[in-house]
Amino acid sequence: MNLFDSLENNNKQMPLANILRPKTLDEYLGQTNVLAENSPIRNLLKAKRLFSFILWGPPGCGKTTLARLIANYHNASFIELSAVTSGVKDLKEAVDSAKESLRQGVRTILFIDEIHRYSKTQQDALLPHIENGVFHLMGSTTENPSFQVVPALLSRLQVIMLNPIDENSMKKIVLKGFDYLEKNYKNEIKIEDDVVDTIVELSGGDARFALNTVENSYFATKKVLTTSLIEQLLQKSVAKYDKSEHYDCLSAYQKSLRGSDPNAGIYYLAKMLVKGEDPRVIARRLVVCASEDVGNGDFRALLIANAALNVVNNVGMPECRIALAQATEYVARAKKRNLDAVAIDKAISDIKSGKDYPPPMHLRDSHYKDASKYGFGVGYVYTHDNPEYVQQFLPDEIKNIRYF
């Protein structure tokens, strides 16, 4: 076997998703909101400004690929670590390598996949090297970094949100996958017209999942590739439930509950479950409705809706359908009161429009030794000691404002 045969065999063992990984930013599909022609990220790239950031998005949306492409764009050294498998030794080696590259005039990008899995200590260990410019950090995560990344590290990083890949881009990716297989394997398989749409629909914006499906389905048949085969392969059925219907049903569901119609609420709940809607999405909408539309008209509605969400998370389908139905009926029948939603939105609007004032001096934190020197806490009356005493809680500038 010669070298070229060996390379070809190795390539055939490589997953299709890796083979078709984009080589340039122009080949990168999806995330047009991030990489549009005059977007901040594009402008930073054109200006040759390397910066540290976290890519936050669902699986298969192109986080690792984008980080690699940005590294290539800057001709930077690229070191990739996984937060799941790497430790202190790996990080030390990465730092030593970055310092050596820097001495040779080459900048380094340290990419950490699933960075939210690093402990607080591990995340803190990155700080001095970012500060000193030893490397630029790029991380990827499927979790909200505001909750999973320590504040000191997060303050040094730009958070870039990535979305599931849009349907048009997904269709191009799937077609590219089939085209590659046809050219390299020539199995002469007939692909039915709706197969591509089926894979796109079932992939949910996950390019890796889609290309794995393309590859597996291509070799799972000898003559005709059908939607039925795709469904058998994935153990899923294609529901006629597109993105528009997804939002329409959720909207109809919440409006039915708001309008105190439990029959309509149950109907839309059943419709969404039959169509394959994620029950967590339904439960979250139920919690929102209990808070936004019922509020303190019946405070138990929020408790029951949240209990249903817990059942969905801890028990799952099909049993959780009953808890969802129970909560749906209760929220629909509950007395409605939206004063809390109106009040918080008005207060947020006031603050954003400039009514952003500090608390009065007597309400400020006074638990530490020097607080009284600044006048903090002076004059505050402990309400339990003197419940009849009337004191001012709002800032002077808006002391007469009313939200309720």
# chains A, B, ... in the order shown; residues from 1 in each chain; ligands from 1

call {"tool": "select_by_dssp", "arguments": {"residues": "region 158-232 of chain A", "states": "strand (DSSP E or B)", "output": "ChimeraX atom specification"}}
result
/A:158-161,190-191,224-225

call {"tool": "closest_residue", "arguments": {"among": "A:Leu233, A:Ala347, A:Ile70, A:Ala94", "to": "Asp26 (chain A)", "atoms": "only C-alpha atoms"}}
result
A:Ile70

call {"tool": "select_by_dssp", "arguments": {"residues": "region 89-265 of chain A", "states": "helix (DSSP H, G or I)", "output": "JSON, numbers by chain"}}
result
{"A": [89, 90, 91, 92, 93, 94, 95, 96, 97, 98, 99, 100, 101, 102, 103, 115, 116, 117, 120, 121, 122, 123, 124, 125, 126, 127, 128, 129, 130, 131, 145, 146, 147, 148, 151, 152, 153, 154, 167, 168, 169, 170, 171, 172, 173, 174, 175, 176, 177, 178, 179, 180, 181, 182, 183, 184, 185, 195, 196, 197, 198, 199, 200, 201, 202, 203, 207, 208, 209, 210, 211, 212, 213, 214, 215, 216, 217, 218, 227, 228, 229, 230, 231, 232, 233, 234, 243, 244, 245, 246, 247, 248, 249, 250, 251, 252, 253, 254, 255, 256, 257, 258, 262, 263, 264, 265]}

call {"tool": "atom_distance", "arguments": {"atom1": "CA of Tyr357 (chain A)", "atom2": "CA of Ile401 (chain A)"}}
result
13.0 Å

call {"tool": "residues_around", "arguments": {"residues": "Gln392 (chain A)", "least_positions_apart": "4", "cutoff": "9 Å", "atoms": "only C-alpha atoms", "output": "mmCIF file with N, CA, C and O atoms, in the first residue's frame"}}
result
data_model
loop_
_atom_site.group_PDB
_atom_site.id
_atom_site.type_symbol
_atom_site.label_atom_id
_atom_site.label_comp_id
_atom_site.auth_asym_id
_atom_site.auth_seq_id
_atom_site.Cartn_x
_atom_site.Cartn_y
_atom_site.Cartn_z
ATOM 1 N N PRO A 360 -31.375 55.940 48.865
ATOM 2 C CA PRO A 360 -31.126 56.970 49.875
ATOM 3 C C PRO A 360 -30.045 56.506 50.853
ATOM 4 O O PRO A 360 -29.869 55.308 51.080
ATOM 5 N N ASP A 396 -34.914 60.226 46.237
ATOM 6 C CA ASP A 396 -35.621 61.519 46.296
ATOM 7 C C ASP A 396 -36.208 61.911 44.946
ATOM 8 O O ASP A 396 -37.314 62.464 44.873
ATOM 9 N N LYS A 399 -39.518 59.902 44.475
ATOM 10 C CA LYS A 399 -40.123 59.437 45.724
ATOM 11 C C LYS A 399 -41.642 59.277 45.642
ATOM 12 O O LYS A 399 -42.241 58.544 46.426
#

call {"tool": "atom_distance", "arguments": {"atom1": "CA of Ser97 (chain A)", "atom2": "CA of Ser140 (chain A)"}}
result
21.1 Å

call {"tool": "atom_distance", "arguments": {"atom1": "CA of Glu167 (chain A)", "atom2": "CA of Pro279 (chain A)"}}
result
22.5 Å

call {"tool": "residues_around", "arguments": {"residues": "Ile130 (chain A)", "least_positions_apart": "4", "cutoff": "10 Å", "atoms": "only C-alpha atoms", "output": "list of chain:residue names"}}
result
A:Phe51, A:Ser52, A:Leu110, A:Ala125, A:Leu126, A:Val134, A:Phe135, A:His136, A:Leu137, A:Leu153, A:Arg156, A:Leu157

call {"tool": "write_last_selection", "arguments": {"atoms": "N, CA, C and O atoms", "output": "PDB file, in the first residue's frame"}}
result
ATOM      1  N   PHE A  51      -8.917  38.924  19.720  1.00  0.00           N
ATOM      2  CA  PHE A  51      -9.546  39.173  21.014  1.00  0.00           C
ATOM      3  C   PHE A  51      -9.992  37.855  21.627  1.00  0.00           C
ATOM      4  O   PHE A  51     -10.087  36.836  20.942  1.00  0.00           O
ATOM      5  N   SER A  52     -10.247  37.874  22.915  1.00  0.00           N
ATOM      6  CA  SER A  52     -10.686  36.674  23.622  1.00  0.00           C
ATOM      7  C   SER A  52     -12.211  36.637  23.706  1.00  0.00           C
ATOM      8  O   SER A  52     -12.844  37.663  23.945  1.00  0.00           O
ATOM      9  N   LEU A 110      -5.727  29.843  22.556  1.00  0.00           N
ATOM     10  CA  LEU A 110      -6.021  28.642  23.343  1.00  0.00           C
ATOM     11  C   LEU A 110      -7.526  28.439  23.304  1.00  0.00           C
ATOM     12  O   LEU A 110      -8.294  29.259  23.807  1.00  0.00           O
ATOM     13  N   ALA A 125      -7.052  30.173  36.959  1.00  0.00           N
ATOM     14  CA  ALA A 125      -5.668  29.978  36.519  1.00  0.00           C
ATOM     15  C   ALA A 125      -5.418  30.561  35.128  1.00  0.00           C
ATOM     16  O   ALA A 125      -4.265  30.811  34.752  1.00  0.00           O
ATOM     17  N   LEU A 126      -6.468  30.797  34.363  1.00  0.00           N
ATOM     18  CA  LEU A 126      -6.319  31.364  33.020  1.00  0.00           C
ATOM     19  C   LEU A 126      -6.094  32.876  33.053  1.00  0.00           C
ATOM     20  O   LEU A 126      -5.527  33.446  32.112  1.00  0.00           O
ATOM     21  N   VAL A 134      -0.154  36.294  27.022  1.00  0.00           N
ATOM     22  CA  VAL A 134       0.526  35.054  26.638  1.00  0.00           C
ATOM     23  C   VAL A 134      -0.285  34.346  25.554  1.00  0.00           C
ATOM     24  O   VAL A 134       0.266  33.809  24.593  1.00  0.00           O
ATOM     25  N   PHE A 135      -1.594  34.329  25.720  1.00  0.00           N
ATOM     26  CA  PHE A 135      -2.467  33.773  24.686  1.00  0.00           C
ATOM     27  C   PHE A 135      -3.801  34.509  24.698  1.00  0.00           C
ATOM     28  O   PHE A 135      -4.126  35.212  25.665  1.00  0.00           O
ATOM     29  N   HIS A 136      -4.535  34.364  23.622  1.00  0.00           N
ATOM     30  CA  HIS A 136      -5.919  34.806  23.581  1.00  0.00           C
ATOM     31  C   HIS A 136      -6.784  33.571  23.806  1.00  0.00           C
ATOM     32  O   HIS A 136      -6.535  32.520  23.216  1.00  0.00           O
ATOM     33  N   LEU A 137      -7.774  33.719  24.662  1.00  0.00           N
ATOM     34  CA  LEU A 137      -8.613  32.582  25.017  1.00  0.00           C
ATOM     35  C   LEU A 137      -9.888  32.578  24.180  1.00  0.00           C
ATOM     36  O   LEU A 137     -10.554  33.607  24.029  1.00  0.00           O
ATOM     37  N   LEU A 153     -13.241  35.997  34.949  1.00  0.00           N
ATOM     38  CA  LEU A 153     -12.887  35.537  33.603  1.00  0.00           C
ATOM     39  C   LEU A 153     -13.878  36.070  32.574  1.00  0.00           C
ATOM     40  O   LEU A 153     -13.480  36.527  31.497  1.00  0.00           O
ATOM     41  N   ARG A 156     -13.374  39.479  31.060  1.00  0.00           N
ATOM     42  CA  ARG A 156     -12.269  39.628  30.110  1.00  0.00           C
ATOM     43  C   ARG A 156     -12.583  39.025  28.741  1.00  0.00           C
ATOM     44  O   ARG A 156     -11.739  39.007  27.864  1.00  0.00           O
ATOM     45  N   LEU A 157     -13.796  38.510  28.605  1.00  0.00           N
ATOM     46  CA  LEU A 157     -14.158  37.814  27.376  1.00  0.00           C
ATOM     47  C   LEU A 157     -15.395  38.437  26.733  1.00  0.00           C
ATOM     48  O   LEU A 157     -16.288  38.916  27.434  1.00  0.00           O
TER      49      LEU A 157
END

call {"tool": "residues_around", "arguments": {"residues": "Leu324 (chain A)", "least_positions_apart": "6", "cutoff": "12 Å", "atoms": "only C-alpha atoms", "output": "MDAnalysis selection string"}}
result
chainID A and resid 265:266 268:270 272:273 279:287 304:313 315:318 330:332

call {"tool": "closest_residue", "arguments": {"among": "A:Lys46, A:Lys271, A:His116, A:Lys190", "to": "Pro145 (chain A)", "atoms": "only C-alpha atoms"}}
result
A:His116

call {"tool": "closest_residue", "arguments": {"among": "A:Arg107, A:Pro359, A:Ser349, A:Tyr403", "to": "Phe376 (chain A)", "atoms": "only C-alpha atoms"}}
result
A:Pro359

call {"tool": "residues_around", "arguments": {"residues": "Tyr28 (chain A)", "least_positions_apart": "2", "cutoff": "10 Å", "atoms": "only C-alpha atoms", "output": "PyMOL selection string"}}
result
chain A and resi 21-26+30-32+35+62+65-66+69+169+173

call {"tool": "residues_around", "arguments": {"residues": "Val34 (chain A)", "least_positions_apart": "3", "cutoff": "9 Å", "atoms": "only C-alpha atoms", "output": "short mmCIF file (atom, residue, chain, number, x, y, z; two decimals) with N, CA and C atoms, in the first residue's frame"}}
result
data_model
loop_
_atom_site.label_atom_id
_atom_site.label_comp_id
_atom_site.auth_asym_id
_atom_site.auth_seq_id
_atom_site.Cartn_x
_atom_site.Cartn_y
_atom_site.Cartn_z
N GLY A 30 -24.25 29.46 7.99
CA GLY A 30 -24.99 29.77 9.20
C GLY A 30 -24.35 30.93 9.95
N GLN A 31 -25.00 31.37 11.03
CA GLN A 31 -24.50 32.44 11.90
C GLN A 31 -24.27 33.74 11.14
N SER A 39 -20.62 43.25 10.37
CA SER A 39 -20.82 42.91 11.78
C SER A 39 -19.56 43.25 12.58
N PRO A 40 -19.70 43.47 13.89
CA PRO A 40 -18.52 43.78 14.72
C PRO A 40 -17.41 42.73 14.60
N ILE A 41 -17.80 41.44 14.54
CA ILE A 41 -16.79 40.38 14.46
C ILE A 41 -16.01 40.48 13.15
N ARG A 42 -16.72 40.68 12.04
CA ARG A 42 -16.06 40.83 10.74
C ARG A 42 -15.12 42.03 10.74
N ILE A 160 -20.17 35.59 22.49
CA ILE A 160 -20.78 35.58 21.16
C ILE A 160 -21.82 34.47 21.13
N MET A 161 -23.09 34.83 20.97
CA MET A 161 -24.17 33.85 20.93
C MET A 161 -24.34 33.30 19.52
N LEU A 162 -24.32 31.99 19.40
CA LEU A 162 -24.57 31.33 18.12
C LEU A 162 -25.93 30.63 18.18
#

call {"tool": "closest_residue", "arguments": {"among": "A:Leu20, A:Ala210, A:Val200, A:Leu302", "to": "Asn168 (chain A)", "atoms": "only C-alpha atoms"}}
result
A:Val200

call {"tool": "closest_residue", "arguments": {"among": "A:Pro151, A:Ile54, A:Gly60, A:Asp113", "to": "Ile79 (chain A)", "atoms": "only C-alpha atoms"}}
result
A:Asp113

call {"tool": "closest_residue", "arguments": {"among": "A:Thr121, A:Lys336, A:Pro262, A:Ala323", "to": "Ala290 (chain A)", "atoms": "only C-alpha atoms"}}
result
A:Lys336
